Amino acid sequence: IEELGRLICNILAVVPEGIIVFFPSFEYERKVYDAWKSAGLLERIQKRKRLFREPRGSVDVEAILKEYRDAVTACSNKGATTGAVHNGALLLAVVGGKVSEGINFSDGLGRCVVMVGLPYPSPSDVELIERIKYIEGSGSSDYGTTGCSSSNFDNHRIRGYGRDTSLDILRSCKLRGR
């Protein structure tokens, strides 16, 4: 996490205007923010750019985005020769949050976008649950219910099912939806 903070500091030094860093969840964003604060990295970040965080509540998102736009626009209008304290803004956001959904960060608002981690869906997401049910229910009973292993491939070939495909092997896996 500290190395990520140092990387962001380096990016801030060379990228003007707006930078957006997307995290996989609000919890992880908070964990990173707290670690950067403890390590003194937030202070380094805030010397270069104004820092904004995506709020959990959708009511506050518009206000934060307006402040972010204003900070980037002020930097763009002043130029680098005026000796301005900040050379833009940094927005910490969450994949799947309000900021990541349908907002156009054109030109200076999104000079650099950093994706941190993999945004896995919530295990309680209804759409995900239905997809898992569908995938696990789409197998053929001819393949058995053993776990997913290389022996399934060999068993499949020995039974004489013909040309093996990755899909055939996947269908033989018991918990393939997961």
# chains A, B, ... in the order shown; residues from 1 in each chain; ligands from 1
>>> closest_atom_pairs(of="region 89-142 of chain A", to="region 22-38 of chain A", cutoff="7 Å", atoms="only C-alpha atoms", output="tab-separated table")
residue	atom	partner	partner_atom	distance
A:Leu92	CA	A:Phe22	CA	6.2
A:Ala93	CA	A:Phe22	CA	4.8
A:Val94	CA	A:Phe23	CA	4.8
A:Val95	CA	A:Pro24	CA	5.5
A:Val114	CA	A:Phe22	CA	6.1
A:Met115	CA	A:Phe22	CA	4.9
A:Val116	CA	A:Phe23	CA	5.1
A:Gly117	CA	A:Pro24	CA	6.1
A:Leu118	CA	A:Pro24	CA	5.9
A:Pro119	CA	A:Pro24	CA	4.2
>>> closest_residue(among="A:Lys66, A:Arg178, A:Arg56, A:Arg131", to="Gly96 (chain A)", atoms="only C-alpha atoms")
A:Arg56
>>> residues_around(residues="region 67-70 of chain A", least_positions_apart="4", cutoff="7 Å", atoms="only C-alpha atoms", output="list of chain:residue names")
A:Phe52, A:Ala63, A:Ala74, A:Ala89, A:Leu109
>>> write_last_selection(atoms="all heavy atoms", output="PDB file, in the first residue's frame")
ATOM      1  N   PHE A  52      -9.489  14.582  -3.410  1.00  0.00           N
ATOM      2  CA  PHE A  52     -10.925  14.377  -3.226  1.00  0.00           C
ATOM      3  C   PHE A  52     -11.185  12.888  -3.119  1.00  0.00           C
ATOM      4  O   PHE A  52     -10.496  12.082  -3.747  1.00  0.00           O
ATOM      5  CB  PHE A  52     -11.715  14.950  -4.409  1.00  0.00           C
ATOM      6  CG  PHE A  52     -11.530  16.424  -4.587  1.00  0.00           C
ATOM      7  CD1 PHE A  52     -10.562  16.914  -5.443  1.00  0.00           C
ATOM      8  CD2 PHE A  52     -12.304  17.324  -3.879  1.00  0.00           C
ATOM      9  CE1 PHE A  52     -10.372  18.278  -5.605  1.00  0.00           C
ATOM     10  CE2 PHE A  52     -12.136  18.696  -4.031  1.00  0.00           C
ATOM     11  CZ  PHE A  52     -11.160  19.169  -4.895  1.00  0.00           C
ATOM     12  N   ALA A  63     -21.467  17.411  -5.428  1.00  0.00           N
ATOM     13  CA  ALA A  63     -20.664  18.483  -4.821  1.00  0.00           C
ATOM     14  C   ALA A  63     -19.168  18.182  -4.931  1.00  0.00           C
ATOM     15  O   ALA A  63     -18.373  19.069  -5.265  1.00  0.00           O
ATOM     16  CB  ALA A  63     -21.064  18.671  -3.360  1.00  0.00           C
ATOM     17  N   ALA A  74      -9.165  25.367 -12.514  1.00  0.00           N
ATOM     18  CA  ALA A  74      -8.324  26.448 -11.982  1.00  0.00           C
ATOM     19  C   ALA A  74      -6.865  26.207 -12.351  1.00  0.00           C
ATOM     20  O   ALA A  74      -6.144  27.136 -12.723  1.00  0.00           O
ATOM     21  CB  ALA A  74      -8.480  26.547 -10.473  1.00  0.00           C
ATOM     22  N   ALA A  89      -5.834  18.049  -9.517  1.00  0.00           N
ATOM     23  CA  ALA A  89      -6.560  17.365  -8.449  1.00  0.00           C
ATOM     24  C   ALA A  89      -6.435  15.860  -8.611  1.00  0.00           C
ATOM     25  O   ALA A  89      -6.232  15.348  -9.709  1.00  0.00           O
ATOM     26  CB  ALA A  89      -8.026  17.785  -8.476  1.00  0.00           C
ATOM     27  N   LEU A 109      -9.804  16.576 -17.009  1.00  0.00           N
ATOM     28  CA  LEU A 109     -10.425  15.919 -15.849  1.00  0.00           C
ATOM     29  C   LEU A 109      -9.912  14.492 -15.646  1.00  0.00           C
ATOM     30  O   LEU A 109      -9.980  13.971 -14.540  1.00  0.00           O
ATOM     31  CB  LEU A 109     -11.950  15.904 -15.993  1.00  0.00           C
ATOM     32  CG  LEU A 109     -12.639  17.253 -15.982  1.00  0.00           C
ATOM     33  CD1 LEU A 109     -14.132  17.092 -16.195  1.00  0.00           C
ATOM     34  CD2 LEU A 109     -12.359  17.991 -14.685  1.00  0.00           C
TER      35      LEU A 109
END
>>> atom_distance(atom1="CA of Glu43 (chain A)", atom2="CA of Lys98 (chain A)")
26.4 Å
>>> residues_around(residues="Gly108 (chain A)", least_positions_apart="2", cutoff="12 Å", atoms="only C-alpha atoms", output="list in words")
Val15, Pro16, Glu17, Gly18, Ile19, Ile20, Tyr68, Arg69, Asp70, Ala71, Val72, Thr73, Ala74, Cys75, Ser76, Asn77, Asn87, Gly88, Ala89, Leu90, Asn104, Phe105, Ser106, Gly110, Arg111, Cys112 and Val113 of chain A
